[in-house]
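J.: This is data-v8.cif (mmCIF, N, CA, C and O atoms).
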```cif
data_protein
loop_
_atom_site.label_atom_id
_atom_site.label_comp_id
_atom_site.auth_asym_id
_atom_site.auth_seq_id
_atom_site.Cartn_x
_atom_site.Cartn_y
_atom_site.Cartn_z
N GLY J 1 80.00 119.31 115.10
CA GLY J 1 81.14 119.93 115.73
C GLY J 1 82.34 120.01 114.81
O GLY J 1 82.98 121.05 114.70
N MET J 2 82.65 118.91 114.12
CA MET J 2 83.82 118.94 113.24
C MET J 2 83.59 119.87 112.06
O MET J 2 84.54 120.48 111.56
N ALA J 3 82.36 120.02 111.61
CA ALA J 3 82.08 120.96 110.53
C ALA J 3 82.43 122.38 110.98
O ALA J 3 82.99 123.17 110.21
N ARG J 4 82.11 122.70 112.23
CA ARG J 4 82.46 124.03 112.77
C ARG J 4 83.97 124.19 112.88
O ARG J 4 84.50 125.27 112.61
N VAL J 5 84.68 123.14 113.26
CA VAL J 5 86.14 123.20 113.32
C VAL J 5 86.70 123.44 111.92
O VAL J 5 87.56 124.30 111.72
N ARG J 6 86.20 122.69 110.94
CA ARG J 6 86.68 122.85 109.57
C ARG J 6 86.42 124.26 109.05
O ARG J 6 87.26 124.86 108.37
N GLN J 7 85.27 124.81 109.39
CA GLN J 7 84.93 126.16 108.96
C GLN J 7 85.91 127.19 109.55
O GLN J 7 86.40 128.06 108.84
N ALA J 8 86.19 127.06 110.82
CA ALA J 8 87.13 127.99 111.46
C ALA J 8 88.54 127.79 110.90
O ALA J 8 89.27 128.77 110.67
N MET J 9 88.92 126.56 110.64
CA MET J 9 90.24 126.30 110.08
C MET J 9 90.35 126.87 108.67
O MET J 9 91.42 127.35 108.28
N ALA J 10 89.28 126.83 107.91
CA ALA J 10 89.29 127.43 106.57
C ALA J 10 89.53 128.93 106.68
O ALA J 10 90.30 129.51 105.90
N ALA J 11 88.90 129.57 107.65
CA ALA J 11 89.12 131.00 107.87
C ALA J 11 90.55 131.27 108.29
O ALA J 11 91.15 132.28 107.88
N LEU J 12 91.11 130.38 109.09
CA LEU J 12 92.49 130.57 109.56
C LEU J 12 93.53 130.38 108.46
O LEU J 12 94.69 130.73 108.65
N ALA J 13 93.13 129.89 107.30
CA ALA J 13 94.06 129.79 106.18
C ALA J 13 94.62 131.17 105.82
O ALA J 13 95.75 131.29 105.36
N HIS J 14 93.86 132.20 106.07
CA HIS J 14 94.32 133.57 105.80
C HIS J 14 95.47 133.95 106.73
O HIS J 14 96.27 134.82 106.40
N HIS J 15 95.55 133.29 107.87
CA HIS J 15 96.63 133.58 108.82
C HIS J 15 97.99 133.19 108.22
O HIS J 15 98.97 133.89 108.39
N ASP J 16 98.02 132.07 107.50
CA ASP J 16 99.26 131.63 106.85
C ASP J 16 99.79 132.68 105.88
O ASP J 16 100.99 132.79 105.66
N MET J 17 98.88 133.43 105.29
CA MET J 17 99.27 134.44 104.31
C MET J 17 99.51 135.81 104.94
O MET J 17 99.78 136.78 104.24
N GLY J 18 99.37 135.87 106.28
CA GLY J 18 99.58 137.14 106.97
C GLY J 18 98.43 138.12 106.84
O GLY J 18 98.60 139.31 107.03
N HIS J 19 97.24 137.60 106.55
CA HIS J 19 96.08 138.47 106.33
C HIS J 19 95.12 138.52 107.51
O HIS J 19 93.97 138.90 107.33
N MET J 20 95.57 138.13 108.68
CA MET J 20 94.69 138.17 109.85
C MET J 20 95.40 138.86 111.00
O MET J 20 96.56 138.58 111.28
N ASP J 21 94.68 139.77 111.64
CA ASP J 21 95.25 140.37 112.84
C ASP J 21 94.97 139.45 114.03
O ASP J 21 94.24 138.47 113.92
N ASP J 22 95.58 139.77 115.15
CA ASP J 22 95.45 138.91 116.34
C ASP J 22 94.00 138.70 116.75
O ASP J 22 93.61 137.59 117.12
N ASP J 23 93.19 139.76 116.69
CA ASP J 23 91.79 139.62 117.10
C ASP J 23 91.03 138.64 116.21
O ASP J 23 90.22 137.85 116.70
N ALA J 24 91.30 138.68 114.91
CA ALA J 24 90.63 137.75 113.99
C ALA J 24 91.07 136.32 114.24
O ALA J 24 90.26 135.39 114.21
N VAL J 25 92.37 136.14 114.51
CA VAL J 25 92.88 134.80 114.84
C VAL J 25 92.20 134.29 116.10
O VAL J 25 91.71 133.16 116.15
N LEU J 26 92.16 135.13 117.12
CA LEU J 26 91.57 134.70 118.40
C LEU J 26 90.08 134.40 118.27
O LEU J 26 89.57 133.51 118.96
N ALA J 27 89.39 135.09 117.38
CA ALA J 27 87.97 134.80 117.16
C ALA J 27 87.80 133.40 116.56
O ALA J 27 86.90 132.65 116.97
N GLN J 28 88.65 133.04 115.61
CA GLN J 28 88.56 131.70 115.02
C GLN J 28 89.01 130.62 116.00
O GLN J 28 88.45 129.53 116.03
N VAL J 29 89.99 130.94 116.82
CA VAL J 29 90.43 130.02 117.87
C VAL J 29 89.27 129.75 118.83
O VAL J 29 89.01 128.60 119.21
N ALA J 30 88.54 130.80 119.18
CA ALA J 30 87.38 130.64 120.06
C ALA J 30 86.32 129.76 119.40
O ALA J 30 85.67 128.95 120.07
N ALA J 31 86.16 129.89 118.08
CA ALA J 31 85.20 129.05 117.36
C ALA J 31 85.62 127.58 117.40
O ALA J 31 84.78 126.70 117.61
N VAL J 32 86.90 127.31 117.22
CA VAL J 32 87.40 125.93 117.30
C VAL J 32 87.18 125.39 118.71
O VAL J 32 86.65 124.29 118.89
N ASP J 33 87.55 126.17 119.71
CA ASP J 33 87.39 125.72 121.10
C ASP J 33 85.92 125.47 121.43
O ASP J 33 85.58 124.49 122.10
N GLY J 34 85.03 126.34 120.94
CA GLY J 34 83.60 126.16 121.18
C GLY J 34 83.08 124.88 120.55
O GLY J 34 82.28 124.16 121.14
N ALA J 35 83.55 124.58 119.34
CA ALA J 35 83.14 123.35 118.67
C ALA J 35 83.64 122.12 119.42
O ALA J 35 82.93 121.12 119.55
N ILE J 36 84.87 122.21 119.92
CA ILE J 36 85.44 121.09 120.69
C ILE J 36 84.65 120.89 121.98
O ILE J 36 84.31 119.75 122.34
N GLU J 37 84.33 121.96 122.67
CA GLU J 37 83.52 121.85 123.90
C GLU J 37 82.18 121.20 123.59
O GLU J 37 81.71 120.34 124.35
N TYR J 38 81.57 121.59 122.47
CA TYR J 38 80.30 121.01 122.07
C TYR J 38 80.44 119.49 121.87
O TYR J 38 79.60 118.72 122.32
N MET J 39 81.52 119.10 121.18
CA MET J 39 81.71 117.66 120.93
C MET J 39 81.92 116.88 122.21
O MET J 39 81.38 115.79 122.38
N PHE J 40 82.73 117.43 123.12
CA PHE J 40 82.93 116.74 124.40
C PHE J 40 81.60 116.58 125.15
O PHE J 40 81.34 115.55 125.75
N ALA J 41 80.76 117.58 125.09
CA ALA J 41 79.49 117.55 125.83
C ALA J 41 78.43 116.68 125.15
O ALA J 41 77.56 116.14 125.84
N ASN J 42 78.48 116.54 123.83
CA ASN J 42 77.36 115.93 123.12
C ASN J 42 77.69 114.67 122.32
O ASN J 42 76.78 114.04 121.81
N CYS J 43 78.93 114.32 122.19
CA CYS J 43 79.31 113.18 121.37
C CYS J 43 79.23 111.89 122.18
O CYS J 43 79.72 111.81 123.29
N SER J 44 78.61 110.89 121.58
CA SER J 44 78.48 109.59 122.22
C SER J 44 78.92 108.53 121.22
O SER J 44 78.17 108.20 120.30
N LEU J 45 80.13 108.04 121.37
CA LEU J 45 80.68 107.02 120.48
C LEU J 45 81.03 105.77 121.27
O LEU J 45 81.16 105.81 122.49
N ASP J 46 81.22 104.68 120.53
CA ASP J 46 81.74 103.47 121.16
C ASP J 46 83.15 103.78 121.67
O ASP J 46 83.80 104.73 121.20
N PRO J 47 83.66 102.99 122.61
CA PRO J 47 84.95 103.31 123.25
C PRO J 47 86.12 103.53 122.28
O PRO J 47 86.86 104.50 122.41
N GLU J 48 86.31 102.64 121.31
CA GLU J 48 87.48 102.78 120.43
C GLU J 48 87.45 104.07 119.60
O GLU J 48 88.43 104.82 119.60
N PRO J 49 86.35 104.38 118.90
CA PRO J 49 86.34 105.63 118.16
C PRO J 49 86.35 106.85 119.09
O PRO J 49 86.90 107.90 118.74
N ASP J 50 85.78 106.71 120.27
CA ASP J 50 85.79 107.81 121.23
C ASP J 50 87.22 108.16 121.64
O ASP J 50 87.58 109.34 121.70
N ILE J 51 88.03 107.15 121.87
CA ILE J 51 89.44 107.37 122.23
C ILE J 51 90.16 108.07 121.07
O ILE J 51 90.92 109.01 121.27
N ALA J 52 89.91 107.60 119.85
CA ALA J 52 90.54 108.21 118.68
C ALA J 52 90.12 109.66 118.52
O ALA J 52 90.96 110.54 118.27
N LEU J 53 88.83 109.93 118.70
CA LEU J 53 88.35 111.31 118.58
C LEU J 53 88.96 112.19 119.65
O LEU J 53 89.40 113.32 119.36
N HIS J 54 89.02 111.71 120.87
CA HIS J 54 89.59 112.53 121.94
C HIS J 54 91.06 112.86 121.67
O HIS J 54 91.51 113.97 121.97
N GLY J 55 91.78 111.92 121.09
CA GLY J 55 93.17 112.19 120.73
C GLY J 55 93.28 113.31 119.70
O GLY J 55 94.14 114.19 119.80
N LEU J 56 92.39 113.28 118.72
CA LEU J 56 92.39 114.33 117.69
C LEU J 56 91.99 115.67 118.29
O LEU J 56 92.59 116.71 117.97
N LEU J 57 91.01 115.65 119.16
CA LEU J 57 90.56 116.90 119.80
C LEU J 57 91.67 117.47 120.67
O LEU J 57 91.85 118.70 120.73
N ALA J 58 92.42 116.60 121.34
CA ALA J 58 93.53 117.08 122.16
C ALA J 58 94.58 117.78 121.30
O ALA J 58 95.13 118.82 121.70
N ARG J 59 94.84 117.24 120.11
CA ARG J 59 95.80 117.89 119.21
C ARG J 59 95.28 119.25 118.74
O ARG J 59 96.05 120.21 118.65
N LEU J 60 93.99 119.33 118.46
CA LEU J 60 93.41 120.62 118.08
C LEU J 60 93.49 121.61 119.23
O LEU J 60 93.82 122.79 119.03
N MET J 61 93.23 121.13 120.44
CA MET J 61 93.29 122.01 121.61
C MET J 61 94.72 122.49 121.87
O MET J 61 94.92 123.64 122.29
N ALA J 62 95.70 121.66 121.62
CA ALA J 62 97.10 122.09 121.76
C ALA J 62 97.38 123.24 120.79
O ALA J 62 98.06 124.21 121.14
N GLY J 63 96.83 123.14 119.59
CA GLY J 63 97.00 124.21 118.62
C GLY J 63 96.31 125.49 119.02
O GLY J 63 96.88 126.58 118.90
N THR J 64 95.09 125.37 119.53
CA THR J 64 94.39 126.60 119.94
C THR J 64 95.07 127.23 121.15
O THR J 64 95.14 128.46 121.24
N GLN J 65 95.59 126.41 122.04
CA GLN J 65 96.31 126.95 123.19
C GLN J 65 97.54 127.72 122.72
O GLN J 65 97.82 128.82 123.21
N ALA J 66 98.27 127.17 121.78
CA ALA J 66 99.47 127.85 121.26
C ALA J 66 99.08 129.15 120.54
O ALA J 66 99.77 130.17 120.68
N LEU J 67 97.98 129.12 119.80
CA LEU J 67 97.55 130.33 119.10
C LEU J 67 97.05 131.40 120.06
O LEU J 67 97.25 132.59 119.82
N ARG J 68 96.41 130.99 121.14
CA ARG J 68 95.99 131.97 122.15
C ARG J 68 97.21 132.64 122.78
O ARG J 68 97.21 133.84 123.04
N ALA J 69 98.26 131.87 123.00
CA ALA J 69 99.47 132.40 123.63
C ALA J 69 100.24 133.31 122.67
O ALA J 69 100.82 134.31 123.09
N HIS J 70 100.24 132.95 121.38
CA HIS J 70 101.00 133.70 120.37
C HIS J 70 100.17 133.78 119.09
O HIS J 70 100.45 133.06 118.12
N PRO J 71 99.15 134.64 119.06
CA PRO J 71 98.26 134.68 117.89
C PRO J 71 98.95 135.06 116.59
O PRO J 71 98.44 134.76 115.51
N GLY J 72 100.08 135.70 116.65
CA GLY J 72 100.79 136.09 115.43
C GLY J 72 101.57 134.95 114.79
O GLY J 72 102.03 135.07 113.65
N ASP J 73 101.70 133.83 115.47
CA ASP J 73 102.48 132.69 114.99
C ASP J 73 101.53 131.68 114.34
O ASP J 73 100.72 131.05 115.02
N ALA J 74 101.65 131.49 113.04
CA ALA J 74 100.77 130.57 112.32
C ALA J 74 101.24 129.11 112.39
O ALA J 74 100.54 128.21 111.94
N ALA J 75 102.40 128.85 112.97
CA ALA J 75 102.96 127.50 112.98
C ALA J 75 102.02 126.44 113.56
O ALA J 75 101.97 125.32 113.03
N PRO J 76 101.25 126.72 114.61
CA PRO J 76 100.37 125.67 115.16
C PRO J 76 99.31 125.17 114.18
O PRO J 76 98.77 124.08 114.36
N LEU J 77 99.04 125.94 113.14
CA LEU J 77 98.01 125.52 112.18
C LEU J 77 98.38 124.22 111.47
O LEU J 77 97.51 123.42 111.14
N ALA J 78 99.66 123.98 111.26
CA ALA J 78 100.08 122.75 110.58
C ALA J 78 99.65 121.51 111.36
O ALA J 78 99.11 120.55 110.79
N GLY J 79 99.86 121.52 112.66
CA GLY J 79 99.44 120.39 113.49
C GLY J 79 97.94 120.24 113.56
O GLY J 79 97.41 119.12 113.59
N MET J 80 97.25 121.36 113.53
CA MET J 80 95.79 121.32 113.55
C MET J 80 95.25 120.74 112.24
O MET J 80 94.32 119.94 112.24
N ARG J 81 95.86 121.14 111.13
CA ARG J 81 95.45 120.58 109.84
C ARG J 81 95.75 119.08 109.78
O ARG J 81 94.97 118.30 109.22
N ALA J 82 96.86 118.67 110.34
CA ALA J 82 97.21 117.24 110.36
C ALA J 82 96.16 116.47 111.16
O ALA J 82 95.77 115.36 110.77
N ALA J 83 95.68 117.04 112.26
CA ALA J 83 94.63 116.39 113.05
C ALA J 83 93.35 116.24 112.23
O ALA J 83 92.69 115.20 112.27
N LEU J 84 93.01 117.27 111.45
CA LEU J 84 91.82 117.18 110.60
C LEU J 84 92.00 116.14 109.50
O LEU J 84 91.06 115.43 109.15
N ASP J 85 93.20 116.06 108.95
CA ASP J 85 93.47 115.02 107.94
C ASP J 85 93.34 113.63 108.55
O ASP J 85 92.76 112.73 107.93
N ASP J 86 93.84 113.46 109.76
CA ASP J 86 93.71 112.17 110.44
C ASP J 86 92.25 111.86 110.72
O ASP J 86 91.81 110.71 110.59
N TYR J 87 91.47 112.87 111.10
CA TYR J 87 90.04 112.67 111.32
C TYR J 87 89.38 112.13 110.06
O TYR J 87 88.59 111.18 110.12
N ALA J 88 89.72 112.73 108.92
CA ALA J 88 89.12 112.29 107.65
C ALA J 88 89.47 110.85 107.33
O ALA J 88 88.66 110.13 106.73
N ARG J 89 90.66 110.42 107.72
CA ARG J 89 91.06 109.04 107.47
C ARG J 89 90.41 108.06 108.44
O ARG J 89 90.16 106.91 108.10
N LEU J 90 90.16 108.50 109.66
CA LEU J 90 89.68 107.60 110.70
C LEU J 90 88.16 107.48 110.79
O LEU J 90 87.64 106.48 111.28
N PHE J 91 87.45 108.52 110.36
CA PHE J 91 86.01 108.57 110.57
C PHE J 91 85.26 108.67 109.24
O PHE J 91 85.71 109.34 108.32
N ASP J 92 84.12 108.03 109.19
CA ASP J 92 83.27 108.07 108.01
C ASP J 92 82.38 109.31 108.11
O ASP J 92 81.25 109.24 108.58
N ASP J 93 82.92 110.42 107.69
CA ASP J 93 82.21 111.71 107.74
C ASP J 93 82.32 112.33 106.37
O ASP J 93 83.38 112.81 105.98
N PRO J 94 81.23 112.30 105.58
CA PRO J 94 81.29 112.84 104.21
C PRO J 94 81.78 114.29 104.17
O PRO J 94 82.43 114.68 103.21
N GLY J 95 81.50 115.06 105.16
CA GLY J 95 81.95 116.45 105.20
C GLY J 95 83.45 116.57 105.31
O GLY J 95 84.05 117.55 104.86
N ALA J 96 84.10 115.58 105.91
CA ALA J 96 85.54 115.62 106.08
C ALA J 96 86.24 115.53 104.73
O ALA J 96 87.19 116.25 104.46
N ASP J 97 85.76 114.66 103.87
CA ASP J 97 86.37 114.54 102.55
C ASP J 97 86.09 115.76 101.69
O ASP J 97 86.95 116.19 100.93
N ALA J 98 84.93 116.34 101.82
CA ALA J 98 84.58 117.52 101.03
C ALA J 98 85.46 118.71 101.42
O ALA J 98 85.71 119.59 100.60
N ALA J 99 85.93 118.74 102.65
CA ALA J 99 86.71 119.88 103.13
C ALA J 99 88.18 119.78 102.75
O ALA J 99 88.92 120.74 102.89
N ARG J 100 88.63 118.64 102.28
CA ARG J 100 90.05 118.44 101.99
C ARG J 100 90.48 119.12 100.73
O ARG J 100 89.89 119.44 99.83
#
```
Turn this file's structure into structure tokens for me.

T.:
Amino acid sequence: GMARVRQAMAALAHHDMGHMDDDAVLAQVAAVDGAIEYMFANCSLDPEPDIALHGLLARLMAGTQALRAHPGDAAPLAGMRAALDDYARLFDDPGADAAR
């Protein structure tokens, strides 16, 4: 799931440069939301890491909600990237470090 989030976030880097129209932004937002839904449905962690993951997913969802409301505004991407950085610090996921 997080690999799919990272992939969509990499595509959204073009939004910061003004190279994405609203439809392209919304397609990547849908990809992030789909990955988050997958994780909620399929992730089974011990309580402490589960709480930490849910907090990070909530931050990502806040970003996708803001982007759905205003797809032309790239500002929510900063908070979403911060959530991914926190994920890399909190979880032992080799893919997280490779994506940084």

J.: Between CA of Ser44 (chain J) and CA of Met2 (chain J), what is the distance, to one decimal in Å?

T.: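 CA of Ser44 (chain J) sits 14.0 Å away from CA of Met2 (chain J).
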
J.: Identify, on the basis of only N, CA, C and O atoms, every residue whose closest approach to region 33-40 of chain J does not exceed 6 Å; exclude the query and any residue fewer than 4 positions from it along the same chain; express the result as an NGL selection string.

T.: :J and (1-2 or 4-5 or 28-29 or 44)

J.: For the structure shown, which residues end up in the PyMOL selection byres (((chain J and resi 60 and name CA) around 10) and name CA)? Put them as a list of chain:residue names, please?

T.: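 This file gives the following for the PyMOL selection byres (((chain J and resi 60 and name CA) around 10) and name CA): J:Val5, J:Val29, J:Val32, J:Asp33, J:Ile36, J:His54, J:Gly55, J:Leu56, J:Leu57, J:Ala58, J:Arg59, J:Met61, J:Ala62, J:Gly63, J:Thr64, J:Gln65, J:Ala66, J:Pro76, J:Leu77, J:Gly79, J:Met80, J:Arg81, J:Ala82, J:Ala83, J:Leu84.
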
J.: Which of chain J counts as helix (DSSP H, G or I) under DSSP, as an MDAnalysis selection string please?

T.: chainID J and resid 2:16 22:42 47:69 76:90 94:99

J.: To one decimal place, how far is CA of Ala41 (chain J) from atom N of Leu53 (chain J) in Å?

T.: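 The value is 14.0 Å.
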
J.: Restricting the calculation to all atoms listed in the file: of J:Ala52, J:Ala11, J:Met20, J:Ala74, which residue gets closest to Tyr87 (chain J)?

T.: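 The shortest atom-to-atom distance to Tyr87 (chain J) comes from J:Ala52.
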
J.: Given all atoms listed in the file as the basis, pick out the residue of J:Phe91, J:Asp86, J:Asp50, J:Ala31 nearest to Met9 (chain J).

T.: J:Ala31

J.: Would you compute an axis-aligned box for region 8-11 of chain J, covering every atom listed for it in the file with 4 Å of margin on each side, and report centre and edge lengths in Å to one decimal as lines of an AutoDock Vina configuration file?

T.:
```
center_x = 88.8
center_y = 129.3
center_z = 108.7
size_x = 13.2
size_y = 14.0
size_z = 13.6
```

J.: Grab the atom N of Asp22 (chain J) to atom C of Ala3 (chain J) distance for me, in Å with one decimal place.

T.: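 Computed distance, atom N of Asp22 (chain J) to atom C of Ala3 (chain J), equals 22.2 Å.
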
J.: Please list as a list in words every residue within 7 Å of Val25 (chain J), counting all atoms listed in the file and excluding residues in the same chain fewer than 6 positions away.

T.: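 Everything that qualifies: Leu12, Ala31, Leu67 and Pro71 of chain J.
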